[in-house]
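Data block below; observations after.
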Amino acid sequence: MPLDAGLLGDLAGIVGPHHVIVDPAIRAGYEVDWTGRFRGRAGAVLRPGDLAETAAVVELCRQHGIGLVPQGGNTGLVGGGVPADAAYDVVVLSTRRISWIGDPDAVPGQVAVGAGTTLAELQRALGRAGAELGVDLASRDSATVGGMAATNAGGMRVMSHGTMRAQVTGIEVVLGDGRIVSQMRGLSKDTSGYDLSGLVVGSEGTLGVLTALRLKTIQLAERRAVAMIGVATIEAAVEIALGLSRDRDAGLRAAEVVRGATIERTCAARGTAPPYEGRHDWHLLVECAGNLDPLPAMARVLGDHAGLIGGSALAGEGRQLSEIWAHRERLTEVLARLGPPRKLDVSLPLAAMGAFVEGGAAALGRLVPGAEMHVFGHLLDGNLHLNVLGVPDDAGEAVDGALLRLTVDAGGSIGAEHGIGRAKRQWLHLVRPPDEIEVFRRVKQAFDPEGILNPGCLLPDPLPA
Ligand code: FAD
Ligand code: MLT
Ligand code: ZN
């Protein structure tokens, strides 16, 4: 049933009538995810402007038993930021208006920021103060820091600075029972009990609505250099990347990998040439950064590995650097245009990646002959993104199941950095035993006793009694 007029009026009294969206045409953009694969219906989209409005909305929804789906930039890739199904008793709570950036110089090495601020907005503000965030994603123009914390996002620099969890030094959050937890003091040390922020980070909007964060910042790297390298095996890519990571002068901060067929397919779709001649089974993209020009050290280490390198392109700061990065950063968008693909985001032991890709491609060939398995990812994190094109809808679950089972058999995890969302909750049991899922449910019960926050996300449905 649509939300009743009295409740809509009360919600408008909290956030202002312009920020209660019921018009289906405007709501539509909030009801479908970035991939176009997940969609649902919301009784309204609510756009609170601050902590007090967010807390009042959560409390009112709690009293009326209305589900709330927190949404930031809606760039998530597992369907967690949109309503689960056609139920009208769910609203989307968009945080985009909660956008502000505190003084980057107020506490050295930290910044306070509203949860609805986009990563790009934060990067620009920090850049002016000679700082940056340790996490960077290609979705930076839309992804919000609240969404990034809620998914414990990773991206290109995890190998040097960790995931989003490692950047968070404080949170302000409205829990499902309406309580506000605010830990925004910016203390470097605090062992006074349970780490609530560690639980909320990565909880995909199922425990609380983040309204503000305190994040670590790092010194802006003054000089950067990139190289893209064609190699025959993923093991060779690992060896070169590890060589760079061990060299003190190189300052390796990103090591990305892309399968050869994926570069060929996406370059053709973009109407652009691959970065160098020849066909290579894998491409490694590395970025080094520091206060001195990292290019000479990078070139020296690559020279030491010349026997493994089939082709390469190197660049310091400038247009060529962006063009090399575009071969990696534009993959998601280009593959989305060619698909939508079945998207899986897995992590594996480094030594297992090569055999896993071979086994996955063979299993896929048996299930859906002719389907294409595109692969790219964050190499030294052991994080591969599988994007499978050409899978009919009725074979999708079988393909996901086969690839996720292979992942677990190889000692990996079914969710590396995108979360579980709606896409993978039925597969959670592959990596979390029943006892752990039961502990998850108890944590959920403690933070959100009425289960109003993001129903149908992350946790599998309980088994029938
Ligand atoms: P949304 O999509 O709006 O929401 C994601 C989840 O967080 C949902 O479960 C939602 O309910 C919850 N949520 C959102 N805001 C809040 C809040 N304030 N409080 C509580 N819960 C909240 N991800 C990576 O990890 N690494 C990458 O390299 C990467 N690259 C990407 C590149 C592209 C081109 C695209 C489209 C996506 C990419 N992503 C990547 C995925 C995505 O950008 C991240 O998951 C990002 O963290 C989502 O942020 P968002 O603001 O868009 O969140
Ligand atoms: C990336 O690394 O580019 C992202 O996580 C997005 C994706 O997997 O498509
Ligand atoms: Zn990624």
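Just so we're on the same page: first chain in the structure tokens is A, next is B, and so on; residues restart at 1 for each chain, and ligands are numbered from 1 in the order they show up.
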Next item on the list: Find the residues around region 74-79 of chain A up to 9 Å (only C-alpha atoms counted), leave out those fewer than 5 positions away in its own chain, and share them as JSON, numbers by chain.
Entry: {"A": [30, 32, 33, 34, 35, 37, 38, 39, 84, 139, 142, 143, 144, 147, 148, 151, 343, 344, 418, 419, 420, 421, 422, 423, 424, 457]}
Those selected residues, please, written with C-alpha atoms and delivered as a tab-separated table (two decimals), in the first residue's frame.
```tsv
chain	number	residue	atom	x	y	z
A	30	TYR	CA	16.32	6.08	-6.67
A	32	VAL	CA	16.95	1.15	-9.67
A	33	ASP	CA	20.60	0.42	-8.97
A	34	TRP	CA	23.63	1.43	-11.08
A	35	THR	CA	23.75	-1.93	-12.88
A	37	ARG	CA	19.71	-5.31	-12.44
A	38	PHE	CA	18.10	-4.53	-9.10
A	39	ARG	CA	14.94	-2.51	-8.77
A	84	ALA	CA	14.21	-5.18	-2.41
A	139	SER	CA	32.95	6.05	-9.10
A	142	SER	CA	28.88	10.00	-7.35
A	143	ALA	CA	29.94	7.61	-4.56
A	144	THR	CA	29.49	9.20	-1.12
A	147	GLY	CA	28.17	4.70	1.10
A	148	MET	CA	31.88	3.97	0.96
A	151	THR	CA	30.26	-0.98	2.00
A	343	LYS	CA	29.19	-9.12	-11.71
A	344	LEU	CA	31.07	-11.05	-9.05
A	418	HIS	CA	31.42	-4.53	-2.94
A	419	GLY	CA	29.59	-6.20	-0.07
A	420	ILE	CA	26.83	-8.79	-0.11
A	421	GLY	CA	23.76	-6.62	-0.71
A	422	ARG	CA	20.82	-8.33	-2.33
A	423	ALA	CA	22.97	-10.00	-5.01
A	424	LYS	CA	24.81	-12.48	-2.83
A	457	CYS	CA	20.01	-6.81	2.28
```
Ala351 (chain A) surroundings by only C-alpha atoms, 12 Å radius, close-in-sequence under 2 positions cut, as a compact mmCIF listing (two decimals) with all heavy atoms, in the first residue's frame:
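To be explicit, this is the file written out as part.txt:
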```
# COMPACT_ATOMS: atom_id res chain seq x y z
N THR A 233 51.26 -14.42 -17.90
CA THR A 233 50.51 -15.09 -16.83
C THR A 233 50.24 -14.11 -15.70
O THR A 233 50.97 -13.11 -15.52
CB THR A 233 51.31 -16.27 -16.24
OG1 THR A 233 52.52 -15.74 -15.67
CG2 THR A 233 51.66 -17.32 -17.28
N ILE A 234 49.24 -14.43 -14.91
CA ILE A 234 48.94 -13.59 -13.74
C ILE A 234 50.07 -13.73 -12.71
O ILE A 234 50.37 -12.78 -11.97
CB ILE A 234 47.54 -13.91 -13.18
CG1 ILE A 234 47.02 -12.73 -12.36
CG2 ILE A 234 47.53 -15.19 -12.39
CD1 ILE A 234 45.53 -12.78 -12.06
N GLU A 235 50.72 -14.89 -12.70
CA GLU A 235 51.84 -15.09 -11.77
C GLU A 235 52.98 -14.12 -12.10
O GLU A 235 53.64 -13.58 -11.20
CB GLU A 235 52.37 -16.53 -11.83
CG GLU A 235 51.44 -17.58 -11.23
CD GLU A 235 50.27 -17.98 -12.14
OE1 GLU A 235 50.28 -17.60 -13.34
OE2 GLU A 235 49.34 -18.63 -11.65
N ALA A 236 53.20 -13.90 -13.40
CA ALA A 236 54.25 -12.94 -13.80
C ALA A 236 53.87 -11.54 -13.34
O ALA A 236 54.72 -10.77 -12.86
CB ALA A 236 54.44 -12.98 -15.32
N ALA A 237 52.59 -11.21 -13.46
CA ALA A 237 52.13 -9.88 -13.01
C ALA A 237 52.38 -9.72 -11.51
O ALA A 237 52.87 -8.68 -11.04
CB ALA A 237 50.65 -9.70 -13.33
N VAL A 238 52.11 -10.77 -10.74
CA VAL A 238 52.34 -10.72 -9.29
C VAL A 238 53.83 -10.53 -9.00
O VAL A 238 54.21 -9.71 -8.16
CB VAL A 238 51.81 -12.01 -8.60
CG1 VAL A 238 52.26 -12.07 -7.14
CG2 VAL A 238 50.29 -12.08 -8.68
N GLU A 239 54.66 -11.26 -9.73
CA GLU A 239 56.10 -11.18 -9.48
C GLU A 239 56.62 -9.75 -9.72
O GLU A 239 57.39 -9.21 -8.92
CB GLU A 239 56.83 -12.18 -10.38
CG GLU A 239 58.26 -12.42 -9.97
CD GLU A 239 58.93 -13.49 -10.83
OE1 GLU A 239 58.25 -14.45 -11.26
OE2 GLU A 239 60.15 -13.35 -11.06
N SER A 347 37.68 -12.47 -3.51
CA SER A 347 39.09 -12.36 -3.11
C SER A 347 39.66 -13.77 -2.96
O SER A 347 38.95 -14.70 -2.57
CB SER A 347 39.26 -11.55 -1.84
OG SER A 347 38.70 -12.21 -0.75
N LEU A 348 40.94 -13.89 -3.30
CA LEU A 348 41.59 -15.20 -3.36
C LEU A 348 43.02 -15.08 -2.84
O LEU A 348 43.61 -13.99 -2.91
CB LEU A 348 41.69 -15.64 -4.83
CG LEU A 348 40.37 -15.94 -5.53
CD1 LEU A 348 40.48 -15.65 -7.01
CD2 LEU A 348 39.96 -17.39 -5.29
N PRO A 349 43.60 -16.21 -2.37
CA PRO A 349 45.03 -16.17 -2.10
C PRO A 349 45.76 -15.86 -3.41
O PRO A 349 45.36 -16.35 -4.47
CB PRO A 349 45.35 -17.60 -1.65
CG PRO A 349 44.02 -18.21 -1.29
CD PRO A 349 42.98 -17.50 -2.09
N MET A 353 45.12 -17.48 -7.87
CA MET A 353 44.34 -16.71 -8.86
C MET A 353 44.39 -17.32 -10.27
O MET A 353 43.36 -17.40 -10.94
CB MET A 353 44.82 -15.26 -8.90
CG MET A 353 44.41 -14.49 -7.65
SD MET A 353 44.74 -12.72 -7.81
CE MET A 353 46.50 -12.71 -7.81
N GLY A 354 45.58 -17.72 -10.72
CA GLY A 354 45.72 -18.22 -12.10
C GLY A 354 44.85 -19.45 -12.33
O GLY A 354 44.06 -19.50 -13.29
N ALA A 355 44.97 -20.45 -11.44
CA ALA A 355 44.19 -21.68 -11.61
C ALA A 355 42.70 -21.39 -11.47
O ALA A 355 41.87 -21.98 -12.16
CB ALA A 355 44.63 -22.70 -10.56
N PHE A 356 42.36 -20.44 -10.59
CA PHE A 356 40.94 -20.10 -10.41
C PHE A 356 40.35 -19.55 -11.72
O PHE A 356 39.24 -19.93 -12.12
CB PHE A 356 40.79 -19.06 -9.28
CG PHE A 356 39.44 -18.44 -9.26
CD1 PHE A 356 38.36 -19.12 -8.71
CD2 PHE A 356 39.21 -17.18 -9.80
CE1 PHE A 356 37.07 -18.57 -8.72
CE2 PHE A 356 37.95 -16.61 -9.81
CZ PHE A 356 36.88 -17.31 -9.26
N VAL A 357 41.07 -18.66 -12.37
CA VAL A 357 40.53 -18.07 -13.60
C VAL A 357 40.37 -19.15 -14.68
O VAL A 357 39.34 -19.22 -15.36
CB VAL A 357 41.40 -16.89 -14.10
CG1 VAL A 357 40.96 -16.41 -15.48
CG2 VAL A 357 41.36 -15.74 -13.10
N LEU A 379 45.27 -6.44 -7.98
CA LEU A 379 46.10 -7.64 -8.00
C LEU A 379 46.65 -8.04 -6.65
O LEU A 379 46.48 -9.16 -6.19
CB LEU A 379 47.26 -7.43 -8.99
CG LEU A 379 48.20 -8.60 -9.16
CD1 LEU A 379 47.49 -9.76 -9.85
CD2 LEU A 379 49.45 -8.21 -9.94
N LEU A 380 47.34 -7.11 -5.97
CA LEU A 380 48.02 -7.53 -4.74
C LEU A 380 47.05 -7.70 -3.57
O LEU A 380 47.43 -8.20 -2.51
CB LEU A 380 49.17 -6.59 -4.39
CG LEU A 380 50.37 -6.65 -5.36
CD1 LEU A 380 51.54 -5.84 -4.82
CD2 LEU A 380 50.82 -8.06 -5.69
N ASP A 381 45.78 -7.29 -3.76
CA ASP A 381 44.76 -7.61 -2.74
C ASP A 381 44.17 -8.99 -3.01
O ASP A 381 43.27 -9.42 -2.28
CB ASP A 381 43.61 -6.60 -2.77
CG ASP A 381 44.07 -5.16 -2.70
OD1 ASP A 381 45.16 -4.92 -2.16
OD2 ASP A 381 43.34 -4.27 -3.19
N GLY A 382 44.58 -9.62 -4.10
CA GLY A 382 43.96 -10.90 -4.48
C GLY A 382 42.49 -10.72 -4.82
O GLY A 382 41.68 -11.64 -4.71
N ALA A 410 38.84 -22.49 -3.64
CA ALA A 410 40.22 -22.01 -3.80
C ALA A 410 40.70 -21.26 -2.56
O ALA A 410 41.77 -20.66 -2.57
CB ALA A 410 40.31 -21.12 -5.04
N GLY A 411 39.87 -21.23 -1.50
CA GLY A 411 40.27 -20.56 -0.26
C GLY A 411 39.94 -19.08 -0.23
O GLY A 411 40.51 -18.32 0.55
N GLY A 412 38.97 -18.66 -1.07
CA GLY A 412 38.66 -17.23 -1.16
C GLY A 412 37.36 -16.84 -0.50
O GLY A 412 36.72 -17.64 0.19
```
Notebook entry, point to check: Smallest atom-to-atom distance to Pro48 (chain A): which of A:Ala299, A:Ala254, A:Leu93, A:Leu459, using only C-alpha atoms?
Noted result: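 Distance minimum relative to Pro48 (chain A) lands on A:Leu93.
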Margin query: According to DSSP computed on the backbone, where in region 79-245 of chain A is there strand (DSSP E)? Give the residues as JSON, numbers by chain.
Written below: {"A": [90, 91, 92, 93, 94, 110, 111, 112, 113, 114, 131, 132, 168, 169, 170, 171, 172, 173, 174, 175, 180, 181, 182, 183, 208, 209, 210, 211, 212, 213, 214, 215, 216, 218, 219, 223, 224, 225, 226, 227, 228, 229, 230, 231]}
Checklist line | Coordinates-based distance that separates CA of Glu287 (chain A) from atom 32 (C, counted along the ligand's line) of ligand 1 (Å, one decimal) | finding: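 If I compute the distance from atom 32 (C, counted along the ligand's line) of ligand 1 to CA of Glu287 (chain A), I get 17.6 Å.
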Next item on the list: In Å, rounded to a single decimal, give me how far atom 10 (C, counted along the ligand's line) of ligand 1 is from CA of Lys216 (chain A).
Entry: 21.9 Å
Checklist line | Polymer residues at most 12 Å from Ala398 (chain A), only C-alpha atoms, same-chain spacing of 2 or more positions, as JSON, numbers by chain | finding: {"A": [342, 363, 364, 366, 367, 368, 391, 392, 393, 394, 395, 396, 400, 401, 402, 403, 404, 405, 427]}
Selection to disk with C-alpha atoms, as a compact mmCIF listing (two decimals), in the first residue's frame:
```
# COMPACT_ATOMS: atom_id res chain seq x y z
CA ARG A 342 26.84 -10.87 -14.13
CA ALA A 363 33.11 -24.13 -15.79
CA LEU A 364 31.45 -21.19 -17.53
CA ARG A 366 30.27 -25.90 -19.80
CA LEU A 367 27.30 -23.98 -18.37
CA VAL A 368 26.83 -21.32 -21.05
CA VAL A 391 24.47 -15.20 -19.76
CA PRO A 392 20.70 -15.60 -20.25
CA ASP A 393 18.70 -14.55 -17.17
CA ASP A 394 17.59 -18.11 -16.43
CA ALA A 395 21.23 -19.29 -16.22
CA GLY A 396 22.42 -16.40 -14.05
CA ASP A 400 27.02 -17.21 -9.97
CA GLY A 401 26.79 -20.40 -7.90
CA ALA A 402 29.45 -22.24 -9.91
CA LEU A 403 31.93 -19.33 -9.81
CA LEU A 404 31.34 -18.60 -6.13
CA ARG A 405 31.77 -22.26 -5.18
CA TRP A 427 25.37 -17.35 -1.03
```
Give me, as JSON lines, each residue of chain A that comes within 6 Å of ligand 2, together with its shortest interatomic pair and the distance in Å at one decimal, counting only C-alpha atoms and all ligand atoms, with rows ordered by chain and rising residue number.
```
{"residue": "A:Gly155", "atom": "CA", "partner": "ligand 2", "partner_atom_place_in_ligand_line": "2 (O)", "distance": 5.6}
{"residue": "A:Glu329", "atom": "CA", "partner": "ligand 2", "partner_atom_place_in_ligand_line": "3 (O)", "distance": 5.9}
{"residue": "A:Thr332", "atom": "CA", "partner": "ligand 2", "partner_atom_place_in_ligand_line": "9 (O)", "distance": 4.1}
{"residue": "A:Gly377", "atom": "CA", "partner": "ligand 2", "partner_atom_place_in_ligand_line": "2 (O)", "distance": 5.5}
{"residue": "A:His385", "atom": "CA", "partner": "ligand 2", "partner_atom_place_in_ligand_line": "8 (O)", "distance": 5.1}
```
Export N, CA, C and O atoms of the chosen residues as a PDB file, in the first residue's frame?
```pdb
ATOM      1  N   GLY A 155      38.972  -0.297  -3.639  1.00  0.00           N
ATOM      2  CA  GLY A 155      39.498   0.528  -4.728  1.00  0.00           C
ATOM      3  C   GLY A 155      40.959   0.286  -4.991  1.00  0.00           C
ATOM      4  O   GLY A 155      41.519  -0.771  -4.676  1.00  0.00           O
ATOM      5  N   GLU A 329      40.182   2.221 -15.526  1.00  0.00           N
ATOM      6  CA  GLU A 329      39.069   2.837 -14.791  1.00  0.00           C
ATOM      7  C   GLU A 329      37.754   2.806 -15.572  1.00  0.00           C
ATOM      8  O   GLU A 329      36.688   2.886 -14.977  1.00  0.00           O
ATOM      9  N   THR A 332      34.365  -0.770 -15.978  1.00  0.00           N
ATOM     10  CA  THR A 332      33.036  -1.017 -15.395  1.00  0.00           C
ATOM     11  C   THR A 332      31.946  -0.442 -16.285  1.00  0.00           C
ATOM     12  O   THR A 332      30.957  -1.107 -16.615  1.00  0.00           O
ATOM     13  N   GLY A 377      40.988  -6.480 -11.754  1.00  0.00           N
ATOM     14  CA  GLY A 377      40.928  -6.350 -10.304  1.00  0.00           C
ATOM     15  C   GLY A 377      42.179  -5.773  -9.693  1.00  0.00           C
ATOM     16  O   GLY A 377      43.074  -5.281 -10.384  1.00  0.00           O
ATOM     17  N   HIS A 385      37.556  -9.046 -10.117  1.00  0.00           N
ATOM     18  CA  HIS A 385      36.175  -8.747 -10.496  1.00  0.00           C
ATOM     19  C   HIS A 385      35.857  -9.568 -11.741  1.00  0.00           C
ATOM     20  O   HIS A 385      36.518  -9.409 -12.770  1.00  0.00           O
TER      21      HIS A 385
END
```
Check: Counting only C-alpha atoms, what is within 8 Å of Arg259 (chain A), bar same-chain residues fewer than 3 positions away, as a list in words?
Finding: Thr262, Ile263, Asp281, Trp282, His283, His374, Val375 and Phe376 of chain A
Notebook entry, point to check: Restricting the calculation to only C-alpha atoms and all ligand atoms, which member of A:Val439, A:Val258, A:Leu137, A:Ala225 is positioned closest to ligand 1?
Noted result: A:Leu137
Note to self: Give me, as a PyMOL selection string, all polymer residues having an atom no more than 12 Å from region 180-186 of chain A, counting only C-alpha atoms and skipping those fewer than 2 positions away in the same chain.
What the structure shows: chain A and resi 51-56+58-59+102+106-114+167-178+188-190+192+195-198+200+207-216+447
Notebook entry, point to check: Which of these, A:Ala416, A:Met228, A:Leu302, A:Leu244, has the shortest distance to Ile324 (chain A) once you count only C-alpha atoms?
Noted result: A:Met228
Item checked: Members of region 4-153 of chain A assigned alpha helix (DSSP H) by DSSP, as number ranges by chain -> A: 5-15, 24-31, 51-64, 119-128, 145-151
Next item on the list: May I ask which of the residues A:Ala153, A:Ala227, A:Ala289, A:Leu252 is the closest one to ligand 1, counting only C-alpha atoms and all ligand atoms?
Entry: A:Ala153
Notebook entry, point to check: Any idea what's packed within 9 Å of Arg330 (chain A), counting only C-alpha atoms, ignoring anything in its chain fewer than 5 positions away? Could you give it as an NGL selection string?
Noted result: :A and (138 or 266 or 325 or 335)
Next item on the list: Can you pull out every residue within 6 Å of Asn152 (chain A), counting only C-alpha atoms, but drop anything in the same chain fewer than 4 positions away, and send it as a VMD selection string?
Entry: chain A and resid 148 164 to 165 201 to 202
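Proximity ranking of A:Leu428, A:Val301, A:Val135, A:Ala221 relative to ligand 1 places A:Val135 first, based on only C-alpha atoms and all ligand atoms.
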